[in-house]
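Asker: Here you go, one structure.
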Amino acid sequence: MLDNIDATRIFSESGALLTGHFKLTSGRHSNRYMQCAQVLQYPQYTEQLALHLAEQFAGDGIELVVGPAMGGIIVAYEVARQMGISAIFTERQDGKMELRRGFVIQPGQRVLVVEDVVTTGGSVQEVIDLVRQNGGVVAGVAVLVDRSGGKVNFGVKQACVLQLDIESWSAEDCPMCQAGQGEPVKPGSRS
C-alpha cells in the first residue's frame, strides 16, 4: 500500500506533477497540473499505482474493470491485471460515451470504473451511467489522482492513490496573469 509521500514521489519523479502556469480543460487557470500520461509510461510505476487501487477492492467481487479512453485505458488494464479479470474501455463518439469494438457489459456484472485523474468527475459519471444502462452494477470507482480534494462523490465506494486539492482561478482572477507571468500552457489531451 502506498502512502502519500511515496505516491507524491512517484508522480513527481515521473514528471506527472507539474508546476507552472496552466490553462485547464475547464478554462480555469492553475499553478499545478497533473499529467498522468507521464507516470503511465513507466510500467514499474503503473504497476505500483494499480496494485494500490486493486487492493482497495480486493473483497468486493469485481468482475470487470472499465475506464474511459484515453486516460483510463492503461489504468483499467493494469488494475484488471492485478485483479486477474478483464478490462474494457469506453470511447466518445459524437460527443457521447459509448461501448465500441465489441465490448460488452453483462447484466448484473460487478464493475469497477477507473480513471487517471478526476477533477469534476464528468467522464467518470458518463462511464457510470453507461455501465448502468447496459445492466452492470457499479461496485466502485478508483482513480490515480483525485484533484477535487475529495469533493466529487459518485455514490459508490471510491478510492484514489493521491488526493490533491489543486487551486484554480478564472482567467480574470488568476494571480499569475495579474502578475504578468505570461500566457498559461495547456498540456492536457483535449483542446
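By order in the C-alpha cells, chains are A, B, ...; within a chain, residues start at 1; ligands start at 1, following the order shown.
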Can you tell me, as a PyMOL selection string, what residues are no more than 6 Å from Asp116 of chain A when counting only C-alpha atoms, ignoring any on the same chain fewer than 3 positions away?

Answerer: chain A and resi 71-72+143-144

Asker: Emit the selected residues as a PDB file, in the first residue's frame, including N, CA and C atoms.

Answerer:
ATOM      1  N   GLY A  71      -7.413   8.432 -20.879  1.00  0.00           N
ATOM      2  CA  GLY A  71      -6.723   8.314 -19.603  1.00  0.00           C
ATOM      3  C   GLY A  71      -6.992   7.046 -18.832  1.00  0.00           C
ATOM      4  N   GLY A  72      -8.144   6.440 -19.009  1.00  0.00           N
ATOM      5  CA  GLY A  72      -8.490   5.262 -18.236  1.00  0.00           C
ATOM      6  C   GLY A  72      -8.072   3.939 -18.842  1.00  0.00           C
ATOM      7  N   VAL A 143      -9.438   5.904  -8.871  1.00  0.00           N
ATOM      8  CA  VAL A 143      -8.693   6.854  -9.697  1.00  0.00           C
ATOM      9  C   VAL A 143      -7.267   6.992  -9.173  1.00  0.00           C
ATOM     10  N   LEU A 144      -6.364   7.292 -10.091  1.00  0.00           N
ATOM     11  CA  LEU A 144      -4.994   7.547  -9.654  1.00  0.00           C
ATOM     12  C   LEU A 144      -4.947   8.817  -8.821  1.00  0.00           C
TER      13      LEU A 144
END

Asker: Taking the DSSP assignment computed from this structure's backbone, write out as a PDB file with N, CA and C atoms, in the first residue's frame all residues of chain A that belong to helix (DSSP H, G or I).

Answerer:
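states.pdb was written with the following content:
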ATOM      1  N   ASN A   4       0.999   8.709   1.013  1.00  0.00           N
ATOM      2  CA  ASN A   4       1.025   9.950   0.227  1.00  0.00           C
ATOM      3  C   ASN A   4       2.431  10.377  -0.160  1.00  0.00           C
ATOM      4  N   ILE A   5       3.401  10.130   0.718  1.00  0.00           N
ATOM      5  CA  ILE A   5       4.785  10.524   0.429  1.00  0.00           C
ATOM      6  C   ILE A   5       5.321   9.723  -0.759  1.00  0.00           C
ATOM      7  N   ASP A   6       5.119   8.386  -0.732  1.00  0.00           N
ATOM      8  CA  ASP A   6       5.586   7.547  -1.838  1.00  0.00           C
ATOM      9  C   ASP A   6       4.851   7.875  -3.135  1.00  0.00           C
ATOM     10  N   ALA A   7       3.536   8.072  -3.046  1.00  0.00           N
ATOM     11  CA  ALA A   7       2.744   8.388  -4.239  1.00  0.00           C
ATOM     12  C   ALA A   7       3.181   9.719  -4.836  1.00  0.00           C
ATOM     13  N   THR A   8       3.372  10.726  -4.001  1.00  0.00           N
ATOM     14  CA  THR A   8       3.815  12.039  -4.488  1.00  0.00           C
ATOM     15  C   THR A   8       5.189  11.931  -5.141  1.00  0.00           C
ATOM     16  N   ARG A   9       6.072  11.123  -4.552  1.00  0.00           N
ATOM     17  CA  ARG A   9       7.407  10.909  -5.124  1.00  0.00           C
ATOM     18  C   ARG A   9       7.305  10.287  -6.518  1.00  0.00           C
ATOM     19  N   ILE A  10       6.458   9.279  -6.667  1.00  0.00           N
ATOM     20  CA  ILE A  10       6.288   8.618  -7.966  1.00  0.00           C
ATOM     21  C   ILE A  10       5.785   9.611  -9.008  1.00  0.00           C
ATOM     22  N   PHE A  11       4.756  10.383  -8.672  1.00  0.00           N
ATOM     23  CA  PHE A  11       4.203  11.348  -9.625  1.00  0.00           C
ATOM     24  C   PHE A  11       5.211  12.447  -9.957  1.00  0.00           C
ATOM     25  N   SER A  12       5.982  12.886  -8.987  1.00  0.00           N
ATOM     26  CA  SER A  12       6.976  13.941  -9.222  1.00  0.00           C
ATOM     27  C   SER A  12       8.150  13.425 -10.044  1.00  0.00           C
ATOM     28  N   GLU A  13       8.714  12.271  -9.670  1.00  0.00           N
ATOM     29  CA  GLU A  13       9.871  11.718 -10.381  1.00  0.00           C
ATOM     30  C   GLU A  13       9.554  11.402 -11.836  1.00  0.00           C
ATOM     31  N   CYS A  36      -1.045  12.547 -15.977  1.00  0.00           N
ATOM     32  CA  CYS A  36      -0.816  11.143 -15.633  1.00  0.00           C
ATOM     33  C   CYS A  36      -0.200  10.327 -16.759  1.00  0.00           C
ATOM     34  N   ALA A  37      -0.322  10.776 -17.996  1.00  0.00           N
ATOM     35  CA  ALA A  37       0.332  10.053 -19.093  1.00  0.00           C
ATOM     36  C   ALA A  37       1.825   9.925 -18.835  1.00  0.00           C
ATOM     37  N   GLN A  38       2.401  10.897 -18.137  1.00  0.00           N
ATOM     38  CA  GLN A  38       3.829  10.852 -17.839  1.00  0.00           C
ATOM     39  C   GLN A  38       4.178   9.694 -16.907  1.00  0.00           C
ATOM     40  N   VAL A  39       3.367   9.437 -15.895  1.00  0.00           N
ATOM     41  CA  VAL A  39       3.662   8.334 -14.971  1.00  0.00           C
ATOM     42  C   VAL A  39       3.328   6.988 -15.604  1.00  0.00           C
ATOM     43  N   LEU A  40       2.306   6.957 -16.468  1.00  0.00           N
ATOM     44  CA  LEU A  40       1.866   5.696 -17.067  1.00  0.00           C
ATOM     45  C   LEU A  40       2.829   5.167 -18.126  1.00  0.00           C
ATOM     46  N   PRO A  43       6.194   1.252 -16.689  1.00  0.00           N
ATOM     47  CA  PRO A  43       5.460   0.079 -16.183  1.00  0.00           C
ATOM     48  C   PRO A  43       5.646  -0.182 -14.694  1.00  0.00           C
ATOM     49  N   GLN A  44       6.839   0.065 -14.163  1.00  0.00           N
ATOM     50  CA  GLN A  44       7.061  -0.211 -12.737  1.00  0.00           C
ATOM     51  C   GLN A  44       6.223   0.717 -11.868  1.00  0.00           C
ATOM     52  N   TYR A  45       6.066   1.978 -12.262  1.00  0.00           N
ATOM     53  CA  TYR A  45       5.219   2.897 -11.509  1.00  0.00           C
ATOM     54  C   TYR A  45       3.749   2.543 -11.689  1.00  0.00           C
ATOM     55  N   THR A  46       3.360   2.251 -12.933  1.00  0.00           N
ATOM     56  CA  THR A  46       1.968   1.915 -13.222  1.00  0.00           C
ATOM     57  C   THR A  46       1.541   0.693 -12.413  1.00  0.00           C
ATOM     58  N   GLU A  47       2.411  -0.296 -12.336  1.00  0.00           N
ATOM     59  CA  GLU A  47       2.109  -1.499 -11.572  1.00  0.00           C
ATOM     60  C   GLU A  47       1.887  -1.178 -10.096  1.00  0.00           C
ATOM     61  N   GLN A  48       2.742  -0.355  -9.511  1.00  0.00           N
ATOM     62  CA  GLN A  48       2.598   0.025  -8.097  1.00  0.00           C
ATOM     63  C   GLN A  48       1.292   0.774  -7.846  1.00  0.00           C
ATOM     64  N   LEU A  49       0.987   1.738  -8.723  1.00  0.00           N
ATOM     65  CA  LEU A  49      -0.220   2.549  -8.552  1.00  0.00           C
ATOM     66  C   LEU A  49      -1.480   1.704  -8.708  1.00  0.00           C
ATOM     67  N   ALA A  50      -1.486   0.829  -9.725  1.00  0.00           N
ATOM     68  CA  ALA A  50      -2.654  -0.018  -9.978  1.00  0.00           C
ATOM     69  C   ALA A  50      -2.849  -1.034  -8.860  1.00  0.00           C
ATOM     70  N   LEU A  51      -1.760  -1.576  -8.334  1.00  0.00           N
ATOM     71  CA  LEU A  51      -1.860  -2.524  -7.229  1.00  0.00           C
ATOM     72  C   LEU A  51      -2.506  -1.854  -6.020  1.00  0.00           C
ATOM     73  N   HIS A  52      -2.122  -0.613  -5.761  1.00  0.00           N
ATOM     74  CA  HIS A  52      -2.719   0.136  -4.652  1.00  0.00           C
ATOM     75  C   HIS A  52      -4.242   0.211  -4.820  1.00  0.00           C
ATOM     76  N   LEU A  53      -4.706   0.501  -6.041  1.00  0.00           N
ATOM     77  CA  LEU A  53      -6.146   0.593  -6.290  1.00  0.00           C
ATOM     78  C   LEU A  53      -6.810  -0.778  -6.208  1.00  0.00           C
ATOM     79  N   ALA A  54      -6.187  -1.790  -6.814  1.00  0.00           N
ATOM     80  CA  ALA A  54      -6.765  -3.137  -6.817  1.00  0.00           C
ATOM     81  C   ALA A  54      -6.956  -3.653  -5.395  1.00  0.00           C
ATOM     82  N   GLU A  55      -5.999  -3.380  -4.525  1.00  0.00           N
ATOM     83  CA  GLU A  55      -6.093  -3.838  -3.133  1.00  0.00           C
ATOM     84  C   GLU A  55      -7.290  -3.231  -2.405  1.00  0.00           C
ATOM     85  N   GLN A  56      -7.688  -2.026  -2.795  1.00  0.00           N
ATOM     86  CA  GLN A  56      -8.820  -1.359  -2.145  1.00  0.00           C
ATOM     87  C   GLN A  56     -10.149  -2.072  -2.425  1.00  0.00           C
ATOM     88  N   GLY A  71      -7.413   8.432 -20.879  1.00  0.00           N
ATOM     89  CA  GLY A  71      -6.723   8.314 -19.603  1.00  0.00           C
ATOM     90  C   GLY A  71      -6.992   7.046 -18.832  1.00  0.00           C
ATOM     91  N   GLY A  72      -8.144   6.440 -19.009  1.00  0.00           N
ATOM     92  CA  GLY A  72      -8.490   5.262 -18.236  1.00  0.00           C
ATOM     93  C   GLY A  72      -8.072   3.939 -18.842  1.00  0.00           C
ATOM     94  N   ILE A  73      -7.579   3.936 -20.077  1.00  0.00           N
ATOM     95  CA  ILE A  73      -7.273   2.665 -20.742  1.00  0.00           C
ATOM     96  C   ILE A  73      -6.159   1.902 -20.033  1.00  0.00           C
ATOM     97  N   ILE A  74      -5.016   2.533 -19.844  1.00  0.00           N
ATOM     98  CA  ILE A  74      -3.880   1.850 -19.215  1.00  0.00           C
ATOM     99  C   ILE A  74      -4.203   1.523 -17.761  1.00  0.00           C
ATOM    100  N   VAL A  75      -4.851   2.440 -17.075  1.00  0.00           N
ATOM    101  CA  VAL A  75      -5.213   2.217 -15.671  1.00  0.00           C
ATOM    102  C   VAL A  75      -6.154   1.020 -15.567  1.00  0.00           C
ATOM    103  N   ALA A  76      -7.169   0.958 -16.430  1.00  0.00           N
ATOM    104  CA  ALA A  76      -8.119  -0.166 -16.407  1.00  0.00           C
ATOM    105  C   ALA A  76      -7.391  -1.481 -16.665  1.00  0.00           C
ATOM    106  N   TYR A  77      -6.536  -1.489 -17.656  1.00  0.00           N
ATOM    107  CA  TYR A  77      -5.804  -2.709 -17.999  1.00  0.00           C
ATOM    108  C   TYR A  77      -4.980  -3.200 -16.813  1.00  0.00           C
ATOM    109  N   GLU A  78      -4.202  -2.312 -16.216  1.00  0.00           N
ATOM    110  CA  GLU A  78      -3.294  -2.746 -15.155  1.00  0.00           C
ATOM    111  C   GLU A  78      -4.032  -3.095 -13.863  1.00  0.00           C
ATOM    112  N   VAL A  79      -5.094  -2.370 -13.520  1.00  0.00           N
ATOM    113  CA  VAL A  79      -5.884  -2.735 -12.333  1.00  0.00           C
ATOM    114  C   VAL A  79      -6.509  -4.115 -12.559  1.00  0.00           C
ATOM    115  N   ALA A  80      -7.058  -4.341 -13.755  1.00  0.00           N
ATOM    116  CA  ALA A  80      -7.661  -5.637 -14.067  1.00  0.00           C
ATOM    117  C   ALA A  80      -6.610  -6.749 -14.022  1.00  0.00           C
ATOM    118  N   ARG A  81      -5.421  -6.487 -14.523  1.00  0.00           N
ATOM    119  CA  ARG A  81      -4.344  -7.480 -14.492  1.00  0.00           C
ATOM    120  C   ARG A  81      -4.023  -7.854 -13.045  1.00  0.00           C
ATOM    121  N   GLN A  82      -3.964  -6.847 -12.181  1.00  0.00           N
ATOM    122  CA  GLN A  82      -3.685  -7.095 -10.770  1.00  0.00           C
ATOM    123  C   GLN A  82      -4.794  -7.924 -10.117  1.00  0.00           C
ATOM    124  N   MET A  83      -6.031  -7.764 -10.602  1.00  0.00           N
ATOM    125  CA  MET A  83      -7.175  -8.471 -10.020  1.00  0.00           C
ATOM    126  C   MET A  83      -7.441  -9.816 -10.711  1.00  0.00           C
ATOM    127  N   GLY A 122     -16.868  14.403 -14.475  1.00  0.00           N
ATOM    128  CA  GLY A 122     -17.778  14.292 -15.618  1.00  0.00           C
ATOM    129  C   GLY A 122     -17.608  13.023 -16.429  1.00  0.00           C
ATOM    130  N   SER A 123     -16.382  12.696 -16.816  1.00  0.00           N
ATOM    131  CA  SER A 123     -16.142  11.491 -17.623  1.00  0.00           C
ATOM    132  C   SER A 123     -16.473  10.229 -16.847  1.00  0.00           C
ATOM    133  N   VAL A 124     -16.089  10.196 -15.587  1.00  0.00           N
ATOM    134  CA  VAL A 124     -16.387   9.022 -14.764  1.00  0.00           C
ATOM    135  C   VAL A 124     -17.895   8.845 -14.635  1.00  0.00           C
ATOM    136  N   GLN A 125     -18.626   9.931 -14.427  1.00  0.00           N
ATOM    137  CA  GLN A 125     -20.081   9.822 -14.308  1.00  0.00           C
ATOM    138  C   GLN A 125     -20.696   9.303 -15.603  1.00  0.00           C
ATOM    139  N   GLU A 126     -20.156   9.731 -16.742  1.00  0.00           N
ATOM    140  CA  GLU A 126     -20.646   9.213 -18.030  1.00  0.00           C
ATOM    141  C   GLU A 126     -20.424   7.708 -18.135  1.00  0.00           C
ATOM    142  N   VAL A 127     -19.276   7.227 -17.669  1.00  0.00           N
ATOM    143  CA  VAL A 127     -18.995   5.790 -17.710  1.00  0.00           C
ATOM    144  C   VAL A 127     -19.923   5.055 -16.746  1.00  0.00           C
ATOM    145  N   ILE A 128     -20.124   5.597 -15.557  1.00  0.00           N
ATOM    146  CA  ILE A 128     -21.060   5.001 -14.594  1.00  0.00           C
ATOM    147  C   ILE A 128     -22.443   4.857 -15.226  1.00  0.00           C
ATOM    148  N   ASP A 129     -22.920   5.926 -15.843  1.00  0.00           N
ATOM    149  CA  ASP A 129     -24.242   5.903 -16.481  1.00  0.00           C
ATOM    150  C   ASP A 129     -24.300   4.839 -17.581  1.00  0.00           C
ATOM    151  N   LEU A 130     -23.237   4.719 -18.363  1.00  0.00           N
ATOM    152  CA  LEU A 130     -23.177   3.742 -19.452  1.00  0.00           C
ATOM    153  C   LEU A 130     -23.177   2.314 -18.899  1.00  0.00           C
ATOM    154  N   VAL A 131     -22.420   2.076 -17.840  1.00  0.00           N
ATOM    155  CA  VAL A 131     -22.403   0.752 -17.203  1.00  0.00           C
ATOM    156  C   VAL A 131     -23.809   0.383 -16.761  1.00  0.00           C
ATOM    157  N   ARG A 132     -24.478   1.296 -16.105  1.00  0.00           N
ATOM    158  CA  ARG A 132     -25.832   1.034 -15.605  1.00  0.00           C
ATOM    159  C   ARG A 132     -26.827   0.843 -16.745  1.00  0.00           C
ATOM    160  N   GLN A 133     -26.698   1.632 -17.810  1.00  0.00           N
ATOM    161  CA  GLN A 133     -27.585   1.481 -18.973  1.00  0.00           C
ATOM    162  C   GLN A 133     -27.445   0.101 -19.603  1.00  0.00           C
ATOM    163  N   ALA A 171      -9.810  33.033 -15.474  1.00  0.00           N
ATOM    164  CA  ALA A 171      -8.748  33.786 -16.154  1.00  0.00           C
ATOM    165  C   ALA A 171      -8.663  35.215 -15.611  1.00  0.00           C
ATOM    166  N   GLU A 172      -9.813  35.808 -15.272  1.00  0.00           N
ATOM    167  CA  GLU A 172      -9.840  37.180 -14.761  1.00  0.00           C
ATOM    168  C   GLU A 172      -9.217  37.292 -13.372  1.00  0.00           C
ATOM    169  N   ASP A 173      -9.319  36.233 -12.569  1.00  0.00           N
ATOM    170  CA  ASP A 173      -8.826  36.262 -11.191  1.00  0.00           C
ATOM    171  C   ASP A 173      -7.470  35.584 -11.008  1.00  0.00           C
ATOM    172  N   PRO A 175      -3.863  34.927 -10.354  1.00  0.00           N
ATOM    173  CA  PRO A 175      -2.772  35.754  -9.835  1.00  0.00           C
ATOM    174  C   PRO A 175      -1.541  35.775 -10.749  1.00  0.00           C
ATOM    175  N   MET A 176      -1.317  34.697 -11.496  1.00  0.00           N
ATOM    176  CA  MET A 176      -0.165  34.664 -12.404  1.00  0.00           C
ATOM    177  C   MET A 176      -0.386  35.590 -13.595  1.00  0.00           C
ATOM    178  N   CYS A 177      -1.617  35.635 -14.099  1.00  0.00           N
ATOM    179  CA  CYS A 177      -1.941  36.564 -15.192  1.00  0.00           C
ATOM    180  C   CYS A 177      -1.829  38.003 -14.692  1.00  0.00           C
ATOM    181  N   GLN A 178      -2.360  38.242 -13.485  1.00  0.00           N
ATOM    182  CA  GLN A 178      -2.321  39.588 -12.910  1.00  0.00           C
ATOM    183  C   GLN A 178      -0.890  40.047 -12.663  1.00  0.00           C
TER     184      GLN A 178
END

Asker: Per DSSP on the backbone, filter segment 55-169 of chain A down to the residues in strand (DSSP E or B) and report them as number ranges by chain.

Answerer: A: 64-68, 86-93, 96-99, 110-118, 137-146, 148, 158-163, 165, 168-169

Asker: Could you check how far atom CA of Ser30 of chain A sits from atom CA of Ile166 of chain A, in Å to one decimal?

Answerer: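 Between atom CA of Ser30 of chain A and atom CA of Ile166 of chain A the gap is 7.4 Å.
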
Asker: Can you pull out every residue within 10 Å of Asn153 of chain A, counting only C-alpha atoms, but drop anything in the same chain fewer than 3 positions away, and send it as number ranges by chain?

Answerer: A: 120-121, 125, 141, 148, 150, 156-158

Asker: Looking at A:Lys96, A:Glu115, A:Pro107, A:Gly15, which one is nearest to Ala69 of chain A, with distances taken over only C-alpha atoms?

Answerer: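 Smallest distance to Ala69 of chain A is found for A:Glu115.
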
Asker: Write out as a PyMOL selection string each polymer residue whose atoms come within 9 Å of Phe57 of chain A, counting only C-alpha atoms; drop sequence neighbours fewer than 6 positions from it.

Answerer: chain A and resi 83+112+139-140+142+157+159

Asker: Could you check the closest approach to Gly61 of chain A for each of A:Val145, A:Gln163, A:Val185, A:Arg110 and tell me which residue wins, using only C-alpha atoms?

Answerer: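 Among A:Val145, A:Gln163, A:Val185, A:Arg110, it is A:Arg110 that comes nearest to Gly61 of chain A.
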